[in-house]
>>> print(open('start.cif').read())   # mmCIF, C-alpha atoms and all ligand atoms
data_upload
#
loop_
_atom_site.label_atom_id
_atom_site.label_comp_id
_atom_site.auth_asym_id
_atom_site.auth_seq_id
_atom_site.Cartn_x
_atom_site.Cartn_y
_atom_site.Cartn_z
CA MET A 1 0.00 0.00 0.00
CA ALA A 2 2.64 2.55 1.10
CA GLY A 3 5.08 1.43 -1.59
CA LEU A 4 2.51 1.71 -4.37
CA ALA A 5 1.35 5.11 -3.18
CA THR A 6 4.94 6.34 -2.86
CA ALA A 7 5.71 5.13 -6.37
CA LEU A 8 2.67 7.03 -7.64
CA ALA A 9 3.43 10.21 -5.74
CA THR A 10 7.18 10.30 -6.42
CA SER A 11 6.89 9.45 -10.11
CA ARG A 12 4.30 12.17 -10.53
CA GLY A 13 6.65 14.43 -8.56
CA GLY A 14 9.26 14.02 -11.28
CA HIS A 15 11.34 11.06 -10.12
CA GLU A 16 12.19 7.74 -11.66
CA VAL A 17 11.06 4.85 -9.53
CA VAL A 18 11.82 1.17 -9.18
CA LEU A 19 9.26 -0.75 -7.15
CA LEU A 20 10.48 -4.06 -5.73
CA GLU A 21 7.66 -6.36 -4.65
CA ARG A 22 8.04 -9.97 -3.65
CA ASP A 23 4.43 -10.97 -4.45
CA ALA A 24 2.82 -11.37 -7.85
CA GLY A 25 0.67 -8.56 -9.22
CA ALA A 26 -3.12 -8.38 -9.50
CA PRO A 27 -4.72 -10.62 -12.13
CA ALA A 28 -4.81 -8.71 -15.41
CA GLY A 29 -8.14 -7.31 -16.49
CA GLY A 30 -10.19 -8.98 -13.76
CA ASP A 31 -13.25 -7.31 -12.27
CA ALA A 32 -13.55 -6.72 -8.53
CA ALA A 33 -14.92 -10.20 -7.81
CA GLN A 34 -12.13 -11.89 -9.78
CA VAL A 35 -9.46 -9.76 -8.13
CA PHE A 36 -10.80 -10.57 -4.68
CA GLU A 37 -11.10 -14.29 -5.37
CA SER A 38 -7.87 -14.89 -7.21
CA TRP A 39 -5.22 -12.44 -5.98
CA GLN A 40 -3.15 -14.34 -3.43
CA ARG A 41 -0.66 -12.33 -1.38
CA THR A 42 1.58 -13.97 1.19
CA GLY A 43 3.47 -10.69 1.65
CA VAL A 44 0.53 -9.03 3.46
CA ALA A 45 -1.05 -11.17 6.19
CA GLN A 46 -4.04 -8.83 6.50
CA PHE A 47 -4.67 -8.69 2.74
CA GLN A 48 -8.16 -10.22 2.94
CA GLN A 49 -9.06 -8.72 6.28
CA PRO A 50 -11.64 -5.90 6.16
CA HIS A 51 -10.28 -2.37 5.76
CA ASN A 52 -11.93 0.98 6.26
CA PHE A 53 -10.24 3.78 4.33
CA VAL A 54 -10.93 6.74 6.59
CA GLY A 55 -11.23 10.46 5.89
CA LEU A 56 -7.51 11.21 5.66
CA GLY A 57 -6.91 8.59 2.96
CA ARG A 58 -10.05 9.48 1.02
CA ARG A 59 -9.16 13.19 1.06
CA LEU A 60 -5.56 12.54 -0.03
CA LEU A 61 -6.69 10.48 -2.99
CA ARG A 62 -9.40 12.98 -3.92
CA ASP A 63 -6.96 15.91 -3.80
CA ARG A 64 -3.66 14.33 -4.90
CA ALA A 65 -4.69 11.43 -7.14
CA PRO A 66 -8.25 12.17 -8.31
CA ASP A 67 -7.91 9.65 -11.14
CA VAL A 68 -7.40 6.88 -8.55
CA SER A 69 -10.41 8.15 -6.60
CA CYS A 70 -12.56 7.95 -9.73
CA ASP A 71 -11.19 4.52 -10.67
CA LEU A 72 -12.05 3.22 -7.22
CA LEU A 73 -15.65 4.34 -7.59
CA ALA A 74 -15.75 2.86 -11.10
CA ALA A 75 -14.51 -0.44 -9.66
CA GLY A 76 -17.49 -0.46 -7.30
CA ALA A 77 -16.11 1.21 -4.16
CA VAL A 78 -18.54 3.39 -2.23
CA GLU A 79 -18.15 6.58 -0.25
CA VAL A 80 -19.79 6.46 3.15
CA GLU A 81 -20.65 9.96 4.32
CA GLN A 82 -19.99 9.61 8.01
CA PHE A 83 -21.07 13.19 8.67
CA ARG A 84 -24.64 12.07 8.07
CA PHE A 85 -24.43 10.23 11.39
CA LEU A 86 -23.91 13.51 13.26
CA ALA A 87 -27.69 13.57 13.71
CA GLY A 88 -28.90 16.89 15.10
CA ALA A 89 -25.44 18.34 15.74
CA THR A 90 -24.71 21.66 14.10
CA ARG A 91 -22.72 21.15 10.92
CA GLN A 92 -19.26 22.69 10.74
CA LEU A 93 -16.98 23.51 7.86
CA GLY A 94 -14.92 20.42 7.10
CA ASP A 95 -17.59 17.91 8.17
CA GLU A 96 -17.86 16.93 4.52
CA ASN A 97 -14.37 15.44 4.84
CA LEU A 98 -15.73 12.94 7.35
CA ALA A 99 -16.35 10.36 4.67
CA THR A 100 -14.76 6.96 4.24
CA ILE A 101 -14.19 4.65 1.29
CA GLY A 102 -15.86 1.25 1.49
CA CYS A 103 -13.82 -1.23 -0.54
CA ARG A 104 -12.25 -4.65 -0.09
CA ARG A 105 -8.51 -4.21 0.26
CA PRO A 106 -7.48 -6.36 -2.76
CA VAL A 107 -9.84 -4.34 -4.97
CA PHE A 108 -8.48 -1.04 -3.59
CA GLU A 109 -4.90 -2.17 -4.07
CA ALA A 110 -5.52 -3.46 -7.61
CA VAL A 111 -6.84 -0.03 -8.63
CA LEU A 112 -3.84 1.72 -7.06
CA ARG A 113 -1.46 -0.75 -8.64
CA ARG A 114 -2.90 -0.27 -12.13
CA ALA A 115 -2.42 3.49 -11.76
CA VAL A 116 1.22 2.90 -10.77
CA GLU A 117 1.83 0.48 -13.63
CA ALA A 118 0.55 3.11 -16.07
CA GLU A 119 3.22 5.60 -14.94
CA PRO A 120 6.04 5.61 -17.51
CA SER A 121 8.70 6.45 -14.94
CA VAL A 122 7.89 3.51 -12.64
CA ASP A 123 9.57 0.16 -13.16
CA VAL A 124 7.43 -2.36 -11.23
CA ARG A 125 9.33 -5.55 -10.53
CA ALA A 126 7.07 -8.23 -9.08
CA GLY A 127 8.41 -11.45 -7.61
CA CYS A 128 11.51 -9.58 -6.41
CA ARG A 129 12.53 -10.18 -2.81
CA VAL A 130 14.80 -7.68 -1.06
CA THR A 131 17.27 -9.40 1.24
CA GLY A 132 19.49 -6.56 2.39
CA LEU A 133 20.70 -3.00 2.03
CA ALA A 134 23.69 -1.82 0.03
CA LEU A 135 25.84 0.47 2.16
CA ALA A 136 28.62 2.82 1.22
CA GLY A 137 31.69 2.41 3.40
CA GLY A 138 32.96 4.97 5.88
CA ARG A 139 32.30 5.86 9.49
CA SER A 140 28.64 6.75 8.98
CA PRO A 141 27.57 4.65 6.02
CA GLN A 142 25.00 5.81 3.56
CA VAL A 143 22.31 3.44 2.28
CA GLU A 144 22.84 3.30 -1.46
CA GLY A 145 20.50 0.62 -2.65
CA ALA A 146 18.70 -2.64 -2.07
CA VAL A 147 20.09 -6.14 -2.44
CA LEU A 148 17.85 -8.73 -4.09
CA ALA A 149 17.57 -12.43 -3.32
CA GLY A 150 19.73 -13.29 -6.35
CA GLY A 151 22.47 -10.93 -5.15
CA GLU A 152 21.72 -8.11 -7.61
CA VAL A 153 22.12 -4.62 -6.16
CA VAL A 154 19.60 -2.00 -7.23
CA ALA A 155 21.21 1.33 -6.49
CA ALA A 156 19.23 4.28 -5.22
CA ASP A 157 19.47 7.94 -4.31
CA LEU A 158 16.94 7.17 -1.60
CA VAL A 159 15.71 3.78 -0.44
CA VAL A 160 12.12 3.79 0.83
CA ASP A 161 11.32 0.88 3.09
CA ALA A 162 7.62 0.14 2.61
CA SER A 163 7.90 -3.54 3.47
CA GLY A 164 5.24 -3.47 6.15
CA ARG A 165 4.98 -4.78 9.69
CA SER A 166 7.65 -7.44 9.20
CA SER A 167 10.25 -5.06 7.80
CA ARG A 168 13.77 -6.44 8.22
CA THR A 169 15.66 -3.18 7.78
CA ALA A 170 16.23 -2.63 11.52
CA ALA A 171 17.77 -6.12 11.76
CA TRP A 172 19.89 -5.53 8.65
CA LEU A 173 21.19 -2.25 10.05
CA THR A 174 21.98 -3.87 13.40
CA ALA A 175 23.83 -6.67 11.62
CA ALA A 176 25.86 -4.01 9.85
CA GLY A 177 26.77 -2.40 13.17
CA LEU A 178 24.43 0.55 12.70
CA GLY A 179 21.64 1.71 14.91
CA PRO A 180 20.25 0.89 17.27
CA VAL A 181 16.74 1.25 15.87
CA ALA A 182 14.63 1.61 18.99
CA GLU A 183 11.33 -0.27 18.83
CA ARG A 184 8.31 -0.16 21.13
CA THR A 185 5.58 -2.76 20.70
CA SER A 186 2.43 -3.81 22.48
CA SER A 187 -0.27 -6.35 21.78
CA CYS A 188 -3.66 -5.00 20.68
CA GLY A 189 -5.33 -7.75 22.74
CA LEU A 190 -7.60 -9.04 20.01
CA ILE A 191 -7.92 -11.65 17.29
CA TYR A 192 -9.75 -10.90 14.03
CA TYR A 193 -12.33 -13.45 12.83
CA SER A 194 -13.69 -12.05 9.55
CA ARG A 195 -16.09 -13.24 6.90
CA HIS A 196 -17.04 -11.47 3.68
CA PHE A 197 -20.60 -11.51 2.35
CA GLN A 198 -22.43 -10.52 -0.84
CA LEU A 199 -25.86 -8.91 -0.55
CA ARG A 200 -28.42 -10.83 -2.56
CA ASP A 201 -29.72 -9.27 -5.77
CA GLY A 202 -32.75 -7.09 -5.23
CA VAL A 203 -32.31 -6.87 -1.45
CA PRO A 204 -32.08 -3.23 -0.33
CA ASP A 205 -29.04 -2.18 1.70
CA PRO A 206 -29.64 -3.02 5.36
CA PRO A 207 -29.85 -0.09 7.77
CA TYR A 208 -26.69 1.05 9.47
CA ALA A 209 -26.39 3.22 12.43
CA SER A 210 -22.97 4.23 13.57
CA VAL A 211 -19.70 5.85 12.66
CA LEU A 212 -17.48 3.93 10.21
CA ALA A 213 -20.23 2.36 8.27
CA GLY A 214 -21.82 -0.51 10.02
CA PRO A 215 -23.21 -1.96 13.17
CA ARG A 216 -20.23 -2.10 15.50
CA GLY A 217 -19.67 -2.23 19.20
CA ASP A 218 -17.64 -3.40 22.14
CA LEU A 219 -19.50 -5.78 24.43
CA GLY A 220 -16.68 -5.81 26.98
CA TYR A 221 -15.79 -9.44 26.24
CA LEU A 222 -15.57 -9.00 22.44
CA ALA A 223 -15.88 -6.31 19.82
CA TYR A 224 -17.50 -6.57 16.40
CA ALA A 225 -17.94 -4.46 13.28
CA VAL A 226 -19.56 -4.59 9.88
CA PHE A 227 -17.38 -3.07 7.14
CA VAL A 228 -19.13 -1.85 4.00
CA GLY A 229 -17.26 -3.00 0.88
CA ASP A 230 -17.41 -2.48 -2.87
CA ASN A 231 -20.07 -3.93 -5.17
CA ARG A 232 -22.61 -4.65 -2.42
CA THR A 233 -20.23 -6.72 -0.36
CA PHE A 234 -19.57 -6.34 3.33
CA CYS A 235 -17.47 -8.03 5.97
CA LEU A 236 -18.39 -8.95 9.52
CA CYS A 237 -15.42 -8.99 11.88
CA ILE A 238 -15.70 -10.43 15.39
CA MET A 239 -12.80 -9.59 17.70
CA PRO A 240 -12.43 -11.48 20.97
CA PRO A 241 -9.30 -11.25 23.15
CA PRO A 242 -6.59 -13.86 22.45
CA TRP A 243 -6.60 -15.10 26.02
CA ASP A 244 -10.24 -16.25 25.96
CA ARG A 245 -9.67 -19.58 24.23
CA GLU A 246 -13.33 -20.57 24.03
CA PHE A 247 -13.83 -17.89 21.38
CA ARG A 248 -11.40 -19.71 19.09
CA SER A 249 -14.35 -21.79 17.91
CA LEU A 250 -15.37 -18.67 15.96
CA ARG A 251 -13.12 -19.92 13.17
CA HIS A 252 -15.80 -22.53 12.43
CA PRO A 253 -18.51 -21.12 10.13
CA ASP A 254 -21.41 -22.49 12.21
CA ALA A 255 -20.14 -20.94 15.43
CA PHE A 256 -19.36 -17.68 13.65
CA MET A 257 -22.84 -17.44 12.12
CA ARG A 258 -24.49 -18.30 15.44
CA ALA A 259 -22.51 -15.58 17.19
CA ALA A 260 -23.33 -13.15 14.36
CA SER A 261 -27.04 -13.69 14.80
CA HIS A 262 -26.79 -12.52 18.43
CA LEU A 263 -24.76 -9.36 17.85
CA PRO A 264 -26.81 -6.14 18.01
CA GLY A 265 -27.88 -5.02 14.53
CA VAL A 266 -25.90 -7.71 12.72
CA ALA A 267 -28.60 -10.24 11.85
CA ALA A 268 -30.19 -7.68 9.51
CA TRP A 269 -27.00 -8.04 7.43
CA THR A 270 -25.99 -11.68 7.75
CA ASP A 271 -29.42 -13.35 7.57
CA GLY A 272 -29.44 -15.91 4.72
CA ASP A 273 -32.32 -14.11 2.97
CA VAL A 274 -30.23 -10.93 2.85
CA ALA A 275 -26.67 -12.01 2.05
CA LEU A 276 -24.51 -15.00 1.19
CA PRO A 277 -21.03 -15.66 2.61
CA ILE A 278 -18.34 -15.48 -0.08
CA THR A 279 -15.35 -16.55 2.05
CA PRO A 280 -14.66 -18.93 4.90
CA VAL A 281 -14.00 -17.35 8.29
CA LEU A 282 -10.59 -15.65 8.06
CA PRO A 283 -8.76 -15.61 11.41
CA MET A 284 -5.81 -13.33 12.12
CA GLY A 285 -3.84 -13.09 15.37
CA GLN A 286 -0.55 -11.41 16.35
CA VAL A 287 -2.14 -7.98 16.02
CA THR A 288 0.24 -5.42 17.51
CA ASN A 289 1.10 -1.74 17.82
CA ALA A 290 4.71 -0.87 17.04
CA VAL A 291 6.82 2.20 16.45
CA ARG A 292 10.42 2.13 15.25
CA ARG A 293 12.78 5.09 15.62
CA TYR A 294 15.42 5.46 12.94
CA MET A 295 16.57 8.81 14.36
CA THR A 296 18.88 9.25 17.34
CA ILE A 297 20.11 12.46 18.88
CA ALA A 298 23.03 12.25 16.42
CA GLY A 299 20.71 12.09 13.41
CA SER A 300 19.51 9.29 11.16
CA VAL A 301 20.97 5.85 11.86
CA ALA A 302 20.83 5.19 8.12
CA PRO A 303 21.03 8.22 5.83
CA GLY A 304 19.58 7.37 2.45
CA LEU A 305 16.89 5.15 3.96
CA GLN A 306 13.32 6.29 4.61
CA PRO A 307 11.00 3.78 6.31
CA ILE A 308 7.29 4.55 5.86
CA GLY A 309 3.90 2.96 6.47
CA ASP A 310 3.79 -0.05 8.75
CA ALA A 311 7.56 -0.48 8.51
CA LEU A 312 7.81 2.71 10.55
CA CYS A 313 4.72 2.51 12.73
CA HIS A 314 1.67 0.29 12.94
CA THR A 315 -1.32 0.87 15.13
CA ASN A 316 -4.35 -1.01 16.44
CA PRO A 317 -6.30 -1.81 13.26
CA THR A 318 -9.64 -1.13 14.93
CA PHE A 319 -8.77 2.57 14.61
CA ALA A 320 -8.30 2.10 10.83
CA PHE A 321 -5.34 4.47 10.72
CA GLY A 322 -2.78 2.32 8.88
CA ALA A 323 -3.74 2.52 5.21
CA SER A 324 -4.50 6.23 5.42
CA LEU A 325 -1.25 6.96 7.25
CA SER A 326 0.58 4.98 4.57
CA LEU A 327 -0.97 7.23 1.93
CA HIS A 328 -0.06 10.27 4.01
CA HIS A 329 3.58 9.14 4.27
CA ALA A 330 3.63 8.43 0.55
CA PHE A 331 2.34 11.82 -0.52
CA LYS A 332 4.74 13.53 1.92
CA ALA A 333 7.64 11.55 0.43
CA GLY A 334 6.45 12.33 -3.07
CA ARG A 335 6.29 16.10 -2.85
CA PRO A 336 8.13 17.57 -5.84
CA SER A 337 11.52 18.95 -4.81
CA ARG A 338 11.63 22.71 -4.69
CA GLY A 339 13.11 24.13 -7.87
CA ARG A 340 12.91 20.86 -9.74
CA GLY A 341 9.19 20.93 -10.40
CA ARG A 342 8.16 17.87 -12.34
CA SER A 343 11.48 17.40 -14.01
CA ARG A 344 13.02 13.99 -13.68
CA GLN A 345 15.77 13.42 -11.29
CA SER A 346 17.87 10.92 -13.09
CA GLY A 347 18.32 7.69 -11.32
CA SER A 348 15.86 7.82 -8.49
CA ALA A 349 13.54 4.98 -7.75
CA VAL A 350 10.97 3.60 -5.32
CA ARG A 351 10.86 -0.01 -4.43
CA ARG A 352 7.97 -1.75 -2.88
CA GLY A 353 9.10 -3.76 -0.03
CA GLY A 354 10.50 -1.01 -0.74
CA ARG A 355 12.93 1.34 -2.05
CA ARG A 356 13.56 4.43 -4.05
CA GLY A 357 16.84 5.14 -5.72
CA SER A 358 18.92 5.29 -8.84
CA ARG A 359 19.24 2.44 -11.26
CA ALA A 360 22.81 3.33 -12.06
CA PRO A 361 25.39 0.87 -10.73
CA LEU A 362 26.97 1.69 -7.39
CA PRO A 363 30.13 3.73 -7.78
CA GLY A 364 33.27 1.66 -7.43
CA GLY A 365 34.90 1.51 -4.06
CA HIS A 366 31.62 1.49 -2.12
CA ARG A 367 30.95 -1.39 0.20
CA ARG A 368 28.02 -3.25 -1.28
CA GLY A 369 25.24 -5.16 0.33
CA PRO A 370 25.67 -8.88 0.64
CA GLY A 371 24.25 -11.67 -1.44
CA PRO A 372 21.50 -13.79 0.01
CA GLY A 373 22.09 -15.13 3.45
CA SER A 374 25.28 -13.21 4.17
CA SER A 375 25.66 -10.39 6.64
CA LEU A 376 25.93 -6.72 5.90
CA ALA A 377 28.62 -6.39 8.52
CA GLY A 378 32.26 -6.39 7.60
C1 LIG A 401 -6.12 -7.22 10.79
C2 LIG A 401 -5.81 -5.84 10.24
C3 LIG A 401 -6.84 -5.00 9.84
C4 LIG A 401 -6.54 -3.73 9.35
N1 LIG A 401 -7.57 -2.88 9.05
C5 LIG A 401 -7.30 -1.65 8.62
C6 LIG A 401 -8.33 -0.74 8.30
O1 LIG A 401 -9.53 -1.02 8.45
N2 LIG A 401 -7.99 0.50 7.83
C7 LIG A 401 -6.69 0.87 7.70
O2 LIG A 401 -6.43 2.00 7.27
N3 LIG A 401 -5.69 0.04 8.01
C8 LIG A 401 -5.95 -1.19 8.45
N4 LIG A 401 -4.93 -2.04 8.76
C9 LIG A 401 -3.55 -1.56 8.60
C10 LIG A 401 -3.11 -1.64 7.13
O3 LIG A 401 -3.34 -2.95 6.63
C11 LIG A 401 -1.64 -1.30 7.06
O4 LIG A 401 -1.41 -0.11 7.77
C12 LIG A 401 -1.16 -1.11 5.64
O5 LIG A 401 -1.25 -2.32 4.93
C13 LIG A 401 0.29 -0.65 5.65
O6 LIG A 401 0.78 -0.63 4.34
P1 LIG A 401 2.33 -0.92 4.06
O7 LIG A 401 2.50 -0.73 2.60
O8 LIG A 401 3.16 -0.16 5.01
O9 LIG A 401 2.54 -2.45 4.41
P2 LIG A 401 1.92 -3.72 3.70
O10 LIG A 401 0.57 -3.43 3.19
O11 LIG A 401 2.10 -4.84 4.66
O12 LIG A 401 2.84 -3.95 2.41
C14 LIG A 401 4.16 -4.40 2.52
C15 LIG A 401 4.60 -4.82 1.12
O13 LIG A 401 5.99 -5.11 1.10
C16 LIG A 401 6.20 -6.35 0.43
N5 LIG A 401 7.42 -6.92 1.01
C17 LIG A 401 7.64 -7.26 2.29
N6 LIG A 401 8.90 -7.69 2.45
C18 LIG A 401 9.47 -7.61 1.23
C19 LIG A 401 10.77 -7.93 0.75
N7 LIG A 401 11.72 -8.40 1.57
N8 LIG A 401 11.03 -7.75 -0.55
C20 LIG A 401 10.09 -7.27 -1.41
N9 LIG A 401 8.83 -6.97 -0.99
C21 LIG A 401 8.54 -7.13 0.31
C22 LIG A 401 4.95 -7.16 0.74
O14 LIG A 401 4.76 -8.20 -0.19
C23 LIG A 401 3.88 -6.08 0.65
O15 LIG A 401 3.44 -5.88 -0.67
C24 LIG A 401 -5.20 -3.30 9.25
C25 LIG A 401 -4.16 -4.15 9.65
C26 LIG A 401 -4.46 -5.41 10.17
C27 LIG A 401 -3.33 -6.28 10.64
#
>>> encode(input="start.cif", output="structure tokens")
Amino acid sequence: MAGLATALATSRGGHEVVLLERDAGAPAGGDAAQVFESWQRTGVAQFQQPHNFVGLGRRLLRDRAPDVSCDLLAAGAVEVEQFRFLAGATRQLGDENLATIGCRRPVFEAVLRRAVEAEPSVDVRAGCRVTGLALAGGRSPQVEGAVLAGGEVVAADLVVDASGRSSRTAAWLTAAGLGPVAERTSSCGLIYYSRHFQLRDGVPDPPYASVLAGPRGDLGYLAYAVFVGDNRTFCLCIMPPPWDREFRSLRHPDAFMRAASHLPGVAAWTDGDVALPITPVLPMGQVTNAVRRYMTIAGSVAPGLQPIGDALCHTNPTFAFGASLSLHHAFKAGRPSRGRGRSRQSGSAVRRGGRRGSRAPLPGGHRRGPGPGSSLAG
């Protein structure tokens, strides 16, 4: 998400971009249903989990990439005007920005990816795993590129790490004797059990009543939410705490559907006359908050490297900050440089997983990153 958006923003800001992504791309030409059913991503554990794209992300796309905004709506995404739930409250300027995008994540990402692939100054390399960083020698080494699984070095003026929650850059820097990259983490105390549904033809949209699109609530012993998706789909997510093992039976469809029928407001959505399930129950644990600090009092631990998105900071997904913050980071990174306007800066690149930098070979005499399995140190 952050890598794609950075590639879009930086290429449109006048830079050349290489996007390195270990997973395969979206199926060519498929509609939303085909994309959702057939696009397998092992690189993003939460790929099929429900996502709300909140006001910040919607506004950034509307203002900075209006073509992507339009393409999302054309692909079947919906805008949910949250300000309508303000009931009798007096409207204020800016309330109109309190709108979210309802869309399944694979469909959202496929639209963003197609926009990136259409940019002439982006070289998207799928199936490309980054295994290390290329460092220049010296007392305070500069990151000069990314090392691929086959040992190839892709050089860069700036390397953007958009490799998500499991980013390895902190470990690579530590192995090279750099850092430390301070990290703070905490468990979010919940497990996601999600199931996507398709509303039956001819059935009107069920009523919804609260902020962020659907029936949602916290019963004290579990939380739940309905996420409105594209093309008359929705997802029910039930979130018990990991320590209450009895709730693990929610991974079984019968138990999930029984629980759903008892959740306030949910039966109006999941009743068999209203909607049909289109996935099994999708469990996801290990949900954490984390922030990594690549700056010390002496400055950046790795000049030439810019971590963004979840690689830098990830937050409790129930707040739905992550995707929008990734877009925010991307559009900040992609601001055109002052004085350069939209002109191309030769040799810069963005890599998904992810990096931005020049495609020229590293200058001789620089210490390069290692081949697969070796250490950056020494
Ligand atoms: C259960 C759950 C629910 C969520 N719900 C929401 C929500 O409702 N709203 C919201 O805004 N956010 C939500 N989030 C957060 C959101 O998913 C993330 O914030 C967002 O995906 C971050 O984007 P990213 O690009 O930084 O990382 P990712 O989306 O994880 O992308 C990382 C990319 O890097 C690639 N990669 C990784 N390692 C390498 C490598 N070595 N070489 C090459 N490529 C590599 C991966 O294949 C992947 O494409 C949720 C998160 C979870 C866990």
>>> residues_around(input="start.cif", residues="range 127-129 of chain A", least_positions_apart="5", cutoff="6 Å", atoms="all atoms listed in the file", output="ChimeraX atom specification")
/A:20-24,148-149
>>> closest_residue(input="start.cif", among="A:Ala259, A:Leu93, A:Leu219, A:Ala45", to="ligand LIG 401 (chain A)", atoms="all atoms listed in the file")
A:Ala45
>>> closest_residue(input="start.cif", among="A:Leu158, A:Val301, A:Leu19, A:Val266", to="ligand LIG 401 (chain A)", atoms="all atoms listed in the file")
A:Leu19
>>> residues_around(input="start.cif", residues="Pro27 in chain A", least_positions_apart="3", cutoff="12 Å", atoms="all atoms listed in the file", output="MDAnalysis selection string")
chainID A and resid 23:24 30:41 106:107 109:111 113:114
>>> write_last_selection(input="start.cif", atoms="C-alpha atoms", output="compact mmCIF listing (two decimals), in the coordinates of the input")
# COMPACT_ATOMS: atom_id res chain seq x y z
CA ASP A 23 4.43 -10.97 -4.45
CA ALA A 24 2.82 -11.37 -7.85
CA GLY A 30 -10.19 -8.98 -13.76
CA ASP A 31 -13.25 -7.31 -12.27
CA ALA A 32 -13.55 -6.72 -8.53
CA ALA A 33 -14.92 -10.20 -7.81
CA GLN A 34 -12.13 -11.89 -9.78
CA VAL A 35 -9.46 -9.76 -8.13
CA PHE A 36 -10.80 -10.57 -4.68
CA GLU A 37 -11.10 -14.29 -5.37
CA SER A 38 -7.87 -14.89 -7.21
CA TRP A 39 -5.22 -12.44 -5.98
CA GLN A 40 -3.15 -14.34 -3.43
CA ARG A 41 -0.66 -12.33 -1.38
CA PRO A 106 -7.48 -6.36 -2.76
CA VAL A 107 -9.84 -4.34 -4.97
CA GLU A 109 -4.90 -2.17 -4.07
CA ALA A 110 -5.52 -3.46 -7.61
CA VAL A 111 -6.84 -0.03 -8.63
CA ARG A 113 -1.46 -0.75 -8.64
CA ARG A 114 -2.90 -0.27 -12.13
>>> residues_near_ligand(input="start.cif", ligand="ligand LIG 401 (chain A)", cutoff="6 Å", atoms="all atoms listed in the file", output="MDAnalysis selection string")
chainID A and resid 1:3 20:23 43:44 46 49:53 128:131 162:165 287 309:311 317 320:324 326 352:353
>>> atom_distance(input="start.cif", atom1="CA of Arg232 in chain A", atom2="CA of Thr270 in chain A")
12.8 Å
>>> closest_residue(input="start.cif", among="A:Leu60, A:Leu133, A:Ala28, A:Cys103", to="Val78 in chain A", atoms="all atoms listed in the file")
A:Cys103
>>> residues_around(input="start.cif", residues="Ala225 in chain A", least_positions_apart="3", cutoff="8 Å", atoms="only C-alpha atoms", output="PyMOL selection string")
chain A and resi 214-217+236-238
>>> residues_around(input="start.cif", residues="Leu312 in chain A", least_positions_apart="2", cutoff="12 Å", atoms="only C-alpha atoms", output="JSON, numbers by chain")
{"A": [2, 160, 161, 162, 163, 164, 165, 166, 167, 168, 169, 170, 181, 182, 183, 184, 185, 289, 290, 291, 292, 293, 294, 295, 305, 306, 307, 308, 309, 310, 314, 315, 322, 325, 326, 329]}
>>> atom_distance(input="start.cif", atom1="CA of Asp71 in chain A", atom2="CA of Phe234 in chain A")
19.6 Å
>>> closest_residue(input="start.cif", among="A:Ala260, A:Leu199, A:Ile191, A:Leu327", to="Asp244 in chain A", atoms="only C-alpha atoms")
A:Ile191
>>> residues_around(input="start.cif", residues="Leu98 in chain A", least_positions_apart="4", cutoff="12 Å", atoms="all atoms listed in the file", output="number ranges by chain")
A: 53-59, 79-86, 91-94, 211-213
>>> write_last_selection(input="start.cif", atoms="C-alpha atoms", output="compact mmCIF listing (two decimals), keeping the file's coordinate frame")
# COMPACT_ATOMS: atom_id res chain seq x y z
CA PHE A 53 -10.24 3.78 4.33
CA VAL A 54 -10.93 6.74 6.59
CA GLY A 55 -11.23 10.46 5.89
CA LEU A 56 -7.51 11.21 5.66
CA GLY A 57 -6.91 8.59 2.96
CA ARG A 58 -10.05 9.48 1.02
CA ARG A 59 -9.16 13.19 1.06
CA GLU A 79 -18.15 6.58 -0.25
CA VAL A 80 -19.79 6.46 3.15
CA GLU A 81 -20.65 9.96 4.32
CA GLN A 82 -19.99 9.61 8.01
CA PHE A 83 -21.07 13.19 8.67
CA ARG A 84 -24.64 12.07 8.07
CA PHE A 85 -24.43 10.23 11.39
CA LEU A 86 -23.91 13.51 13.26
CA ARG A 91 -22.72 21.15 10.92
CA GLN A 92 -19.26 22.69 10.74
CA LEU A 93 -16.98 23.51 7.86
CA GLY A 94 -14.92 20.42 7.10
CA VAL A 211 -19.70 5.85 12.66
CA LEU A 212 -17.48 3.93 10.21
CA ALA A 213 -20.23 2.36 8.27
>>> closest_residue(input="start.cif", among="A:Gly102, A:Pro303, A:Leu250, A:Asp63", to="Ala156 in chain A", atoms="only C-alpha atoms")
A:Pro303
>>> closest_residue(input="start.cif", among="A:Ala87, A:Leu276, A:Met257, A:Ala302", to="Pro141 in chain A", atoms="only C-alpha atoms")
A:Ala302
